[in-house]
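Report on the following structure.
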Amino acid sequence: MTAPAPMPRPEFILLTGPLGSGKTTLLTDFLQSGDMSETGVIVNDAGEVNVDGAVLSADTRDLAMATLSDGCICCSMGNSLQEGIDAVLEARAVRGLGPPRRIILETSGLAEPAPIVRSLRAVRQMAFDLRIISTFDAGQPRVGDDFLPHYACQLAAAQVVVLTKLDVMPEADWNPRAEEARAFNPLAAQILEADPRARALAAFSRAYAEPEPRAAHFSALPVGSARITVANARWQPNATWADISEWIDNLTGFLGARLLRLKGLVQPMGHADPVLINGIGDAFSPPRSVRMADDRKLGLTLILRDVAQDELARWTGHLSQPKLDFQ
Ligand SMILES: Nc1nc2c(ncn2[C@@H]2O[C@H](COP(=O)(O)OP(=O)(O)OP(=O)(O)O)[C@@H](O)[C@H]2O)c(=O)[nH]1
């Protein structure tokens with residue numbers, strides 16, 4: 001008899017996206033789509049859950065939910081994320097239930113993902129697989145400068161970008177909007193689906209749960225904001241882990257909040273397998289080796305805001321450095 005497959009770790013799903021872009025609607029559609037007994041929900045602000053009463057209470061017999069109303073979670077000091085998780089676990093415990101398979105945190109439209117990712121590391125009960133989903137309002141005009149910093153950090157952090165409001169626009173306009181979203185994050189999977197239920201099920205499915213080591217794999221982007229730069233960094237085969245990690249440390253320090261995302265595979269000299277590097281803002285997952293089934297390209301993808309190409313080229317000029325290609 002074969003051994004049963006190990007249970008996957010629970011997921012912590014961060015649902016982010018600009019104000020009014022459809023986070024609550026997407027979450028509501030998901031919560032209405034079936035059995036939610038394995039789901040816990042944390043909402044960052046009671047006022048945000050306009051799903052609230054009607055929708056949630058209709059279907060909350062099994063749903064453990066916590067609201068955090070002490071302001072935007074990414075700015076509030078202290079341990080509100082820990083409190084939210086505690087509340088969800090307690091709500092389940094009183095019903096005789098163990099930890100859920102997934103906890104979904106719907107953030108405020110102004111929250112930045114990186115501080116939340118950092119607080120998640122400090123959560124005491126359990127290890128989660130983290131997934132970030134961002135909504136992108138396809139019905140809005142192009143992203144304007146005023147909103148760009150928020151859009152940029154939310155979209156760049158996501159593994160999955162869900163285009164919303166496609167139902168009220170002609171299908172011919174979907175792809176141009178998807179291209180705009182891709183300019184903020186060429187690494188993310190995109191969901192283009194007008195049917196609310198199908199869209200929600202796709203967005204929250206585990207299909208996108210594994211970090212995809214597919215860095216350095218995109219074609220030239222025809223659209224985008226002049227303020228967003230996407231670059232690839234590739235090292236020579238003789239680069240050591242010290243070279244690469246020092247470069248990343250220095251880059252993080254140099255760019256600060258302008259570094260939105262850094263993700264990809266590097267193969268330092270002497271390492272049998274490539275190493276996956278995954279940073280959201282300045283919150284980095286511990287690097288880990290990845291056994292590759294195919295010959296995916298090596299390199300890091302950098303998503304940057306307000307960084308001129310020559311600024312980066314000047315900065316890297318004096319370091320043991322990778323080759324940089326800009327999109
Ligand atoms: N037609 C259409 N309307 C949508 C869709 N998604 C959201 N809306 C509408 O857009 C408005 C904002 O949606 P919400 O789901 O509240 O957006 P949100 O991102 O949670 O908003 P905040 O919490 O304020 O940031 C609501 O009036 C929704 O009914 C969609 O896919 N299609």
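We name chains A, B, ... following the order of the structure tokens; residues begin at 1 in each chain, and ligands are numbered from 1 as shown.
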
Review point. Residues at most 8 Å from A:Thr16, counting only C-alpha atoms, excluding those fewer than 5 positions away in the same chain, as a ChimeraX atom specification?
Key: /A:23,106-109,111,113,132-135,154

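Contacts with ligand 1 are defined as any residue atom within 6 Å of a ligand atom, using only C-alpha atoms and all ligand atoms; the residues meeting this criterion are Pro18, Leu19, Gly20, Ser21, Gly22, Lys23, Thr24, Thr25, Glu48, Ser108, Gly109, Thr164, Lys165, Asp167 and Val168 of chain A.
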
Practice item. Give the strand (DSSP E) residues of stretch 94-319 of chain A, as assigned by DSSP on the backbone, as a ChimeraX atom specification. Key: /A:102-106,129-137,160-164,189-191,228-234,259-266,275-280,283-284,288-289,299-305

Practice item. Please identify which residues in stretch 58-294 of chain A DSSP calls helix (DSSP H, G or I) from the backbone, and express them as JSON, numbers by chain. Key: {"A": [58, 80, 81, 82, 83, 84, 85, 86, 87, 88, 89, 90, 91, 92, 93, 113, 114, 115, 116, 117, 118, 119, 120, 121, 148, 149, 150, 151, 152, 153, 154, 155, 156, 157, 166, 167, 168, 171, 172, 173, 174, 175, 176, 177, 178, 179, 180, 181, 182, 183, 184, 196, 197, 198, 199, 200, 201, 202, 203, 204, 206, 207, 208, 241, 242, 243, 244, 245, 246, 247, 248, 249, 250, 251, 252, 253, 254, 255, 256, 257, 258]}

Would you output that residue set with C-alpha atoms, as a PDB file, in the first residue's frame?
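This is the output file result02.pdb:
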ATOM      1  CA  ALA A  58     -25.945  34.008   5.528  1.00  0.00           C
ATOM      2  CA  SER A  80      -2.705  42.841  15.134  1.00  0.00           C
ATOM      3  CA  LEU A  81      -2.062  40.121  12.583  1.00  0.00           C
ATOM      4  CA  GLN A  82      -1.262  37.693  15.389  1.00  0.00           C
ATOM      5  CA  GLU A  83      -4.467  38.779  17.154  1.00  0.00           C
ATOM      6  CA  GLY A  84      -6.495  38.207  14.009  1.00  0.00           C
ATOM      7  CA  ILE A  85      -5.084  34.730  13.556  1.00  0.00           C
ATOM      8  CA  ASP A  86      -5.665  33.962  17.246  1.00  0.00           C
ATOM      9  CA  ALA A  87      -9.287  35.094  16.887  1.00  0.00           C
ATOM     10  CA  VAL A  88      -9.856  32.886  13.853  1.00  0.00           C
ATOM     11  CA  LEU A  89      -8.327  29.863  15.569  1.00  0.00           C
ATOM     12  CA  GLU A  90     -10.346  30.503  18.736  1.00  0.00           C
ATOM     13  CA  ALA A  91     -13.565  30.877  16.784  1.00  0.00           C
ATOM     14  CA  ARG A  92     -12.895  27.483  15.269  1.00  0.00           C
ATOM     15  CA  ALA A  93     -11.825  25.903  18.527  1.00  0.00           C
ATOM     16  CA  PRO A 113       2.137  43.876   1.409  1.00  0.00           C
ATOM     17  CA  ALA A 114       5.763  43.841   2.601  1.00  0.00           C
ATOM     18  CA  PRO A 115       5.146  44.791   6.270  1.00  0.00           C
ATOM     19  CA  ILE A 116       2.367  42.201   6.447  1.00  0.00           C
ATOM     20  CA  VAL A 117       4.649  39.526   5.037  1.00  0.00           C
ATOM     21  CA  ARG A 118       7.198  40.423   7.707  1.00  0.00           C
ATOM     22  CA  SER A 119       4.640  40.168  10.531  1.00  0.00           C
ATOM     23  CA  LEU A 120       3.476  36.834   9.198  1.00  0.00           C
ATOM     24  CA  ARG A 121       6.941  35.442   9.784  1.00  0.00           C
ATOM     25  CA  LEU A 148       0.921  54.482  -8.788  1.00  0.00           C
ATOM     26  CA  PRO A 149       2.966  53.801  -5.652  1.00  0.00           C
ATOM     27  CA  HIS A 150       0.105  51.843  -4.065  1.00  0.00           C
ATOM     28  CA  TYR A 151      -0.826  50.016  -7.210  1.00  0.00           C
ATOM     29  CA  ALA A 152       2.761  49.220  -7.852  1.00  0.00           C
ATOM     30  CA  CYS A 153       3.625  47.618  -4.529  1.00  0.00           C
ATOM     31  CA  GLN A 154       0.389  45.634  -4.389  1.00  0.00           C
ATOM     32  CA  LEU A 155       0.522  44.373  -7.949  1.00  0.00           C
ATOM     33  CA  ALA A 156       4.237  43.677  -7.896  1.00  0.00           C
ATOM     34  CA  ALA A 157       3.887  41.514  -4.778  1.00  0.00           C
ATOM     35  CA  LEU A 166     -14.397  42.653 -17.207  1.00  0.00           C
ATOM     36  CA  ASP A 167     -18.134  41.975 -17.351  1.00  0.00           C
ATOM     37  CA  VAL A 168     -18.819  45.632 -18.119  1.00  0.00           C
ATOM     38  CA  GLU A 171     -13.845  41.572 -24.652  1.00  0.00           C
ATOM     39  CA  ALA A 172     -11.601  43.310 -27.159  1.00  0.00           C
ATOM     40  CA  ASP A 173     -10.427  45.597 -24.354  1.00  0.00           C
ATOM     41  CA  TRP A 174      -9.425  42.790 -21.984  1.00  0.00           C
ATOM     42  CA  ASN A 175      -5.976  42.153 -23.367  1.00  0.00           C
ATOM     43  CA  PRO A 176      -4.781  45.753 -23.440  1.00  0.00           C
ATOM     44  CA  ARG A 177      -5.766  46.019 -19.772  1.00  0.00           C
ATOM     45  CA  ALA A 178      -4.063  42.726 -19.004  1.00  0.00           C
ATOM     46  CA  GLU A 179      -0.922  44.058 -20.660  1.00  0.00           C
ATOM     47  CA  GLU A 180      -1.015  47.089 -18.436  1.00  0.00           C
ATOM     48  CA  ALA A 181      -1.295  44.919 -15.348  1.00  0.00           C
ATOM     49  CA  ARG A 182       1.543  42.746 -16.676  1.00  0.00           C
ATOM     50  CA  ALA A 183       3.764  45.777 -16.948  1.00  0.00           C
ATOM     51  CA  PHE A 184       3.528  46.052 -13.167  1.00  0.00           C
ATOM     52  CA  PRO A 196     -17.831  35.818 -10.840  1.00  0.00           C
ATOM     53  CA  ARG A 197     -17.883  32.279  -9.485  1.00  0.00           C
ATOM     54  CA  ALA A 198     -15.374  30.875 -11.954  1.00  0.00           C
ATOM     55  CA  ARG A 199     -13.149  33.869 -11.339  1.00  0.00           C
ATOM     56  CA  ALA A 200     -13.236  33.461  -7.567  1.00  0.00           C
ATOM     57  CA  LEU A 201     -12.568  29.723  -7.696  1.00  0.00           C
ATOM     58  CA  ALA A 202      -9.616  30.264 -10.006  1.00  0.00           C
ATOM     59  CA  ALA A 203      -8.224  33.085  -7.880  1.00  0.00           C
ATOM     60  CA  PHE A 204      -8.217  31.102  -4.648  1.00  0.00           C
ATOM     61  CA  ARG A 206      -3.991  26.158  -5.114  1.00  0.00           C
ATOM     62  CA  ALA A 207      -2.985  26.017  -8.741  1.00  0.00           C
ATOM     63  CA  TYR A 208      -0.998  29.181  -8.195  1.00  0.00           C
ATOM     64  CA  TRP A 241      26.817  33.041  -3.254  1.00  0.00           C
ATOM     65  CA  ALA A 242      28.706  35.829  -1.474  1.00  0.00           C
ATOM     66  CA  ASP A 243      28.792  37.899  -4.704  1.00  0.00           C
ATOM     67  CA  ILE A 244      25.112  37.419  -5.342  1.00  0.00           C
ATOM     68  CA  SER A 245      23.845  37.921  -1.817  1.00  0.00           C
ATOM     69  CA  GLU A 246      26.011  40.973  -1.300  1.00  0.00           C
ATOM     70  CA  TRP A 247      24.676  42.484  -4.505  1.00  0.00           C
ATOM     71  CA  ILE A 248      21.097  41.861  -3.363  1.00  0.00           C
ATOM     72  CA  ASP A 249      21.768  43.316   0.094  1.00  0.00           C
ATOM     73  CA  ASN A 250      23.310  46.400  -1.425  1.00  0.00           C
ATOM     74  CA  LEU A 251      20.520  46.766  -3.957  1.00  0.00           C
ATOM     75  CA  THR A 252      17.901  46.534  -1.226  1.00  0.00           C
ATOM     76  CA  GLY A 253      19.668  49.192   0.807  1.00  0.00           C
ATOM     77  CA  PHE A 254      20.217  51.448  -2.198  1.00  0.00           C
ATOM     78  CA  LEU A 255      16.684  51.326  -3.560  1.00  0.00           C
ATOM     79  CA  GLY A 256      14.650  51.118  -0.340  1.00  0.00           C
ATOM     80  CA  ALA A 257      10.931  51.382  -1.070  1.00  0.00           C
ATOM     81  CA  ARG A 258      11.629  51.670  -4.795  1.00  0.00           C
TER      82      ARG A 258
END

Practice item. For A:Asp273, list every protein, DNA or RNA residue within 8 Å, evaluated using only C-alpha atoms, and leave out those in the same chain fewer than 4 positions away; present the list as number ranges by chain. Key: A: 267, 289-292

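Among A:Arg227, A:Gly279, A:Gly98, A:Ile42, the residue with the shortest atom-to-atom distance to A:Leu14, counting only C-alpha atoms, is A:Ile42.
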
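Nearest residue to A:Phe30, choosing from A:Ile104, A:Val161, A:Ile277, A:Ala66 and counting only C-alpha atoms: A:Ile104.
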
Point to revise | Shell around stretch 188-192 of chain A at 6 Å using only C-alpha atoms, local window under 3 positions removed, as a VMD selection string | key: chain A and resid 159 to 163 185

Put those residues in a file: C-alpha atoms, as a PDB file, in the first residue's frame.
ATOM      1  CA  GLN A 159       1.471  35.728  -7.484  1.00  0.00           C
ATOM      2  CA  VAL A 160      -1.986  36.086  -8.964  1.00  0.00           C
ATOM      3  CA  VAL A 161      -3.541  39.216 -10.458  1.00  0.00           C
ATOM      4  CA  VAL A 162      -7.293  39.104 -10.946  1.00  0.00           C
ATOM      5  CA  LEU A 163      -8.675  41.551 -13.486  1.00  0.00           C
ATOM      6  CA  ASN A 185       4.306  42.391 -12.680  1.00  0.00           C
TER       7      ASN A 185
END

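Atom to atom, atom CA of A:Gly281 and atom CA of A:Lys263 stand 10.6 Å apart.
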